[in-house]
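Novice: So that you have it, the file is run.txt, and it contains compact mmCIF, C-alpha atoms:
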```
# COMPACT_ATOMS: atom_id res chain seq x y z
CA ALA M 1 278.60 82.47 161.69
CA GLU M 2 276.44 85.24 160.32
CA ALA M 3 274.30 84.90 157.20
CA ALA M 4 272.27 87.81 155.90
CA GLY M 5 269.12 86.40 157.50
CA GLY M 6 270.65 85.70 160.89
CA THR M 7 272.99 83.35 162.68
CA ILE M 8 274.11 79.86 161.65
CA THR M 9 275.07 77.75 164.67
CA VAL M 10 276.92 74.45 164.28
CA HIS M 11 276.44 71.60 166.77
CA PRO M 12 278.89 68.75 166.12
CA ILE M 13 277.38 65.42 167.21
CA SER M 14 279.98 62.78 166.31
CA HIS M 15 282.29 61.81 163.42
CA ALA M 16 280.22 62.71 160.31
CA SER M 17 277.01 63.79 162.07
CA PHE M 18 276.20 67.40 162.89
CA VAL M 19 273.32 69.82 163.30
CA MET M 20 273.07 73.37 161.95
CA GLU M 21 270.58 75.87 163.28
CA THR M 22 269.99 78.36 160.47
CA PRO M 23 267.66 81.27 159.68
CA LEU M 24 265.75 78.92 157.35
CA GLY M 25 265.37 76.05 159.82
CA THR M 26 267.33 73.27 161.50
CA ILE M 27 269.38 70.96 159.27
CA TYR M 28 270.77 67.56 160.29
CA VAL M 29 273.63 66.18 158.21
CA ASP M 30 274.29 62.42 158.11
CA PRO M 31 272.61 61.73 161.45
CA VAL M 32 273.48 58.29 162.82
CA GLY M 33 273.72 56.83 166.31
CA GLU M 34 271.31 56.83 169.23
CA PRO M 35 268.43 59.28 168.88
CA ALA M 36 269.29 60.47 172.41
CA LEU M 37 272.38 62.16 170.93
CA TYR M 38 269.99 64.66 169.31
CA GLU M 39 267.64 65.30 172.26
CA ALA M 40 269.15 68.72 172.99
CA GLN M 41 268.74 69.86 169.38
CA PRO M 42 265.72 71.42 167.68
CA ALA M 43 263.75 69.01 165.50
CA PRO M 44 265.05 68.83 161.93
CA GLY M 45 263.26 70.60 159.11
CA LEU M 46 265.77 69.13 156.67
CA ILE M 47 267.94 66.01 156.86
CA GLN M 48 270.72 65.50 154.34
CA VAL M 49 272.39 62.16 153.71
CA THR M 50 275.58 62.03 151.64
CA HIS M 51 275.88 58.28 150.99
CA GLU M 52 275.05 54.78 152.12
CA HIS M 53 277.84 53.86 154.56
CA GLY M 54 276.76 53.12 158.11
CA ASP M 55 278.56 56.09 159.62
CA HIS M 56 276.43 58.38 157.40
CA PHE M 57 273.15 56.53 156.83
CA ASN M 58 271.13 54.62 159.42
CA VAL M 59 267.49 53.77 158.86
CA GLU M 60 266.64 53.46 162.56
CA THR M 61 268.14 56.85 163.40
CA LEU M 62 266.40 58.57 160.49
CA THR M 63 263.08 56.96 161.36
CA ALA M 64 263.36 58.21 164.93
CA LEU M 65 264.40 61.75 164.00
CA ALA M 66 262.36 62.56 160.90
CA GLY M 67 259.07 64.18 161.85
CA ASP M 68 255.96 64.56 159.72
CA ASP M 69 257.25 67.83 158.25
CA THR M 70 260.89 66.79 157.81
CA GLN M 71 262.26 66.77 154.28
CA ILE M 72 265.11 64.34 153.51
CA ILE M 73 267.50 64.99 150.63
CA THR M 74 269.96 62.31 149.63
CA ASN M 75 271.61 60.61 146.67
CA PRO M 76 269.75 58.09 144.46
CA ALA M 77 271.57 55.05 145.88
CA VAL M 78 270.45 55.83 149.45
CA LEU M 79 266.87 56.59 148.38
CA GLU M 80 266.67 53.05 146.96
CA LYS M 81 267.79 51.61 150.31
CA MET M 82 265.16 53.45 152.36
CA PRO M 83 261.93 51.84 153.52
CA GLU M 84 258.74 53.30 152.06
CA ALA M 85 257.99 55.41 155.13
CA LEU M 86 261.28 57.28 154.73
CA GLN M 87 261.06 57.42 150.94
CA ALA M 88 257.77 59.29 151.37
CA LYS M 89 259.70 62.12 153.07
CA ALA M 90 262.72 61.98 150.78
CA SER M 91 263.93 63.11 147.40
CA ALA M 92 267.20 62.36 145.65
CA ILE M 93 269.60 64.53 143.69
CA ALA M 94 272.58 63.14 141.81
CA ASN M 95 275.96 64.79 141.23
CA GLY M 96 275.43 68.11 139.46
CA GLU M 97 271.72 68.32 140.31
CA SER M 98 270.04 70.83 142.61
CA ALA M 99 267.12 71.05 145.00
CA GLU M 100 265.44 73.74 147.03
CA TRP M 101 264.16 73.65 150.59
CA ASN M 102 262.49 76.54 152.36
CA GLY M 103 264.39 79.08 150.29
CA LEU M 104 267.70 77.23 150.61
CA ALA M 105 269.48 76.27 147.38
CA ILE M 106 271.13 72.83 147.59
CA ASP M 107 273.66 71.61 145.02
CA ALA M 108 274.92 68.02 144.91
CA ILE M 109 278.71 68.06 144.54
CA PRO M 110 280.65 64.93 143.52
CA ALA M 111 282.35 62.95 146.32
CA TYR M 112 284.60 60.06 145.32
CA ASN M 113 287.97 58.36 145.66
CA THR M 114 290.76 58.90 143.14
CA THR M 115 293.48 56.67 144.64
CA GLU M 116 293.34 53.30 142.86
CA GLU M 117 293.16 51.09 145.95
CA ARG M 118 290.43 53.30 147.47
CA LYS M 119 288.08 53.57 144.48
CA ASP M 120 285.82 50.76 145.70
CA PHE M 121 285.00 52.73 148.85
CA HIS M 122 283.41 55.71 147.10
CA PRO M 123 283.14 55.21 143.33
CA GLU M 124 282.83 58.30 141.16
CA GLY M 125 279.26 59.34 140.42
CA ARG M 126 277.45 57.65 143.32
CA ASP M 127 277.87 59.75 146.46
CA ASN M 128 277.15 63.39 147.24
CA GLY M 129 278.76 66.32 148.90
CA TYR M 130 276.55 69.39 149.22
CA VAL M 131 276.78 73.14 148.80
CA LEU M 132 274.05 75.00 150.69
CA THR M 133 273.45 78.60 149.65
CA PHE M 134 271.83 80.82 152.25
CA ASP M 135 271.33 84.54 151.70
CA GLY M 136 274.92 85.74 151.61
CA PHE M 137 276.45 82.56 153.08
CA ARG M 138 277.55 79.29 151.45
CA VAL M 139 278.25 76.02 153.26
CA TYR M 140 280.10 73.02 151.78
CA VAL M 141 279.73 69.52 153.22
CA SER M 142 282.32 67.20 151.72
CA GLY M 143 280.81 63.82 152.52
CA ASP M 144 283.40 61.08 151.95
CA THR M 145 285.83 62.06 149.22
CA GLU M 146 289.43 62.70 148.34
CA ASP M 147 290.78 66.10 147.30
CA ILE M 148 289.00 65.95 143.95
CA PRO M 149 289.12 68.68 141.27
CA GLU M 150 285.48 69.53 141.96
CA MET M 151 286.37 70.36 145.57
CA ARG M 152 289.41 72.40 144.61
CA ALA M 153 287.31 74.38 142.12
CA LEU M 154 284.69 75.47 144.66
CA GLU M 155 284.19 79.23 144.90
CA ASN M 156 282.82 81.61 147.52
CA ILE M 157 282.47 79.03 150.30
CA ASP M 158 282.05 80.62 153.72
CA LEU M 159 282.00 77.46 155.84
CA ALA M 160 283.35 74.02 154.86
CA PHE M 161 283.20 70.62 156.55
CA VAL M 162 286.06 68.53 155.17
CA CYS M 163 286.61 64.83 155.87
CA MET M 164 289.96 63.14 156.42
CA ASN M 165 290.51 59.54 157.42
CA LEU M 166 292.40 56.57 156.03
CA PRO M 167 291.97 54.30 154.25
CA PHE M 168 288.53 55.58 153.22
CA THR M 169 289.00 59.23 152.25
CA MET M 170 292.27 61.20 152.39
CA ASP M 171 294.98 62.21 154.82
CA ALA M 172 295.33 65.58 156.54
CA THR M 173 297.94 66.73 154.01
CA ALA M 174 295.62 66.24 151.03
CA ALA M 175 292.70 67.83 152.87
CA ALA M 176 294.79 70.84 153.85
CA SER M 177 296.06 71.23 150.29
CA ALA M 178 292.52 71.30 148.88
CA VAL M 179 291.22 73.68 151.54
CA SER M 180 294.16 76.03 150.97
CA GLU M 181 293.19 76.08 147.30
CA PHE M 182 289.44 76.74 147.46
CA LYS M 183 289.85 78.94 150.55
CA PRO M 184 286.60 78.87 152.51
CA THR M 185 286.38 81.52 155.23
CA TYR M 186 286.06 78.83 157.92
CA VAL M 187 286.65 75.09 157.88
CA TYR M 188 285.76 72.30 160.29
CA PRO M 189 287.95 69.22 159.87
CA TYR M 190 285.59 66.34 160.69
CA HIS M 191 285.31 62.58 160.12
CA TYR M 192 288.98 62.23 161.10
CA ARG M 193 289.11 58.78 162.69
CA GLY M 194 289.63 55.80 160.43
CA ARG M 195 289.48 52.06 160.71
CA ASP M 196 291.39 50.45 163.59
CA GLY M 197 291.46 53.73 165.50
CA GLY M 198 293.84 55.47 163.10
CA THR M 199 293.39 59.22 163.38
CA GLN M 200 294.26 62.15 161.15
CA ASP M 201 295.32 64.97 163.45
CA PRO M 202 293.09 68.08 163.17
CA GLN M 203 295.84 70.17 164.76
CA GLU M 204 298.29 69.02 162.11
CA PHE M 205 295.70 69.82 159.45
CA ALA M 206 295.28 73.30 160.92
CA SER M 207 299.03 73.91 160.82
CA MET M 208 299.10 73.14 157.09
CA VAL M 209 296.08 75.21 156.02
CA GLU M 210 296.84 78.65 154.62
CA GLY M 211 294.50 81.63 154.62
CA VAL M 212 291.53 79.87 156.26
CA GLU M 213 290.28 79.96 159.85
CA VAL M 214 290.18 76.38 161.17
CA LYS M 215 287.44 75.49 163.65
CA LEU M 216 288.61 72.65 165.90
CA HIS M 217 286.14 70.54 167.85
CA ASP M 218 286.43 67.15 169.53
CA TRP M 219 284.01 65.14 167.40
CA TYR M 220 284.70 62.00 169.45
CA GLY M 221 284.30 63.25 173.01
```
Starting from the file, lay out its structure as structure tokens.
Specialist:
Amino acid sequence: AEAAGGTITVHPISHASFVMETPLGTIYVDPVGEPALYEAQPAPGLIQVTHEHGDHFNVETLTALAGDDTQIITNPAVLEKMPEALQAKASAIANGESAEWNGLAIDAIPAYNTTEERKDFHPEGRDNGYVLTFDGFRVYVSGDTEDIPEMRALENIDLAFVCMNLPFTMDATAAASAVSEFKPTYVYPYHYRGRDGGTQDPQEFASMVEGVEVKLHDWYG
């Protein structure tokens, strides 16, 4: 994708983890797993963590990947769970708060469950999604959430990463409904395998989305 300052290149890693090369530097989102998964990628200038679950936050992975000049931005609950060495590189923003990194504006967007039997997974007010505003290009990272009003109300999103898996987040139908409402230019369905191997079908999601270009990638290859 093209931002005013240059190209933004997305490198899916697995499930919820991906890397973006941007004109402002390389950003890792929710990096977990073996550090070797990231060997082909440029070192991160910024690491973002959405919340504390093990498929989004792993101390060993972060410790291996975060260099001396890496900034980590996360939510307050994860900051508390970090060892001191990581806390020294990190800062937290809560829902509705903002940060800045290297000229990039970062807004913490709510991410939570609304279905009664799912509310324990991601309680309202704890976890983050993020909107990243580059010069002329806005990226939304959903984190783990259902199709909440705050997602549906997003405006001027160029690229969105939207989760869908049961029982933890939402199904493809709910995700497609929300995306069709806030209408990013491009969307990556990601995080689409659930517990016990249950999968939300990205192709099915794509068939239900209206007015948005769906980027399909095998996040589990």
Novice: Given the point (288.7, 65.3, 143.9) in the file's coordinates, find the residues that have an atom at most 9 Å from it, counting all atoms listed in the file, and give them as a list of chain:residue names.
Specialist: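 Checked against the point, the hits come out as M:Pro110, M:Ala111, M:Tyr112, M:Asn113, M:Thr114, M:Thr145, M:Glu146, M:Asp147, M:Ile148, M:Pro149, M:Glu150, M:Met151, M:Arg152, M:Ala178.
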Novice: Which residues are close to Asn95 of chain M, i.e. within 8 Å by all atoms listed in the file, leaving aside same-chain residues fewer than 6 positions away? Reply as a ChimeraX atom specification.
Specialist: /M:108-110,125-128
Novice: When distances are computed from only C-alpha atoms, which of M:Lys81, M:Ala1, M:Glu39, M:Glu97 shows the smallest separation from Thr185 of chain M?
Specialist: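 For Thr185 of chain M, the nearest of the candidates is M:Ala1.
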Novice: Could you tell me which of M:Glu60, M:Asp30, M:Asp107, M:Glu21 comes closest to Thr9 of chain M if we count only C-alpha atoms?
Specialist: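 For Thr9 of chain M, the nearest of the given residues is M:Glu21.
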Novice: Report, in Å with one decimal, the straight-line distance from atom CA of Leu65 of chain M to atom CA of Trp101 of chain M.
Specialist: 17.9 Å
Novice: What separation in Å, quoted to one decimal, exists between atom CA of Pro35 of chain M and atom CA of Pro12 of chain M?
Specialist: 14.4 Å
Novice: From the set M:Tyr186, M:Ala85, M:His191, M:Val10, which residue has the shortest atom-to-atom contact distance to Ala206 of chain M, counting all atoms listed in the file?
Specialist: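 Checking each candidate against Ala206 of chain M, we get M:Tyr186 as the closest.
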Novice: For Ser17 of chain M, which residue among M:Gly129, M:Gly143, M:Pro123, M:Pro184 is the nearest when counting all atoms listed in the file?
Specialist: M:Gly143
Novice: Output: segment 108-123 of chain M of the preceding structure, restricted to N, CA and C atoms, written as a short mmCIF file (atom, residue, chain, number, x, y, z; two decimals), in the first residue's frame.
Specialist:
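File written: result21.cif
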```cif
data_model
loop_
_atom_site.label_atom_id
_atom_site.label_comp_id
_atom_site.auth_asym_id
_atom_site.auth_seq_id
_atom_site.Cartn_x
_atom_site.Cartn_y
_atom_site.Cartn_z
N ALA M 108 -5.30 4.28 20.90
CA ALA M 108 -5.79 3.03 21.48
C ALA M 108 -7.31 2.97 21.35
N ILE M 109 -7.78 1.97 20.63
CA ILE M 109 -9.20 1.78 20.35
C ILE M 109 -9.71 0.65 21.24
N PRO M 110 -10.90 0.76 21.81
CA PRO M 110 -11.41 -0.35 22.63
C PRO M 110 -11.45 -1.68 21.85
N ALA M 111 -11.28 -2.77 22.57
CA ALA M 111 -11.39 -4.12 22.02
C ALA M 111 -11.97 -4.99 23.13
N TYR M 112 -13.19 -5.50 22.90
CA TYR M 112 -13.85 -6.24 23.98
C TYR M 112 -14.97 -7.12 23.43
N ASN M 113 -15.42 -8.04 24.28
CA ASN M 113 -16.54 -8.90 23.94
C ASN M 113 -17.86 -8.28 24.40
N THR M 114 -18.89 -8.51 23.61
CA THR M 114 -20.24 -8.03 23.95
C THR M 114 -21.21 -9.18 24.20
N THR M 115 -20.91 -10.36 23.66
CA THR M 115 -21.77 -11.53 23.89
C THR M 115 -21.58 -12.02 25.33
N GLU M 116 -22.68 -12.24 26.03
CA GLU M 116 -22.62 -12.49 27.48
C GLU M 116 -21.62 -13.59 27.85
N GLU M 117 -21.69 -14.74 27.15
CA GLU M 117 -20.85 -15.86 27.54
C GLU M 117 -19.39 -15.68 27.10
N ARG M 118 -19.09 -14.60 26.39
CA ARG M 118 -17.72 -14.34 25.96
C ARG M 118 -17.06 -13.20 26.73
N LYS M 119 -17.81 -12.51 27.60
CA LYS M 119 -17.29 -11.28 28.20
C LYS M 119 -16.06 -11.51 29.08
N ASP M 120 -15.91 -12.71 29.62
CA ASP M 120 -14.74 -12.99 30.45
C ASP M 120 -13.45 -13.03 29.63
N PHE M 121 -13.57 -13.33 28.33
CA PHE M 121 -12.37 -13.44 27.50
C PHE M 121 -11.69 -12.09 27.35
N HIS M 122 -12.47 -11.08 26.98
CA HIS M 122 -11.92 -9.74 26.74
C HIS M 122 -12.89 -8.72 27.33
N PRO M 123 -12.75 -8.43 28.62
CA PRO M 123 -13.68 -7.51 29.28
C PRO M 123 -13.50 -6.08 28.77
#
```
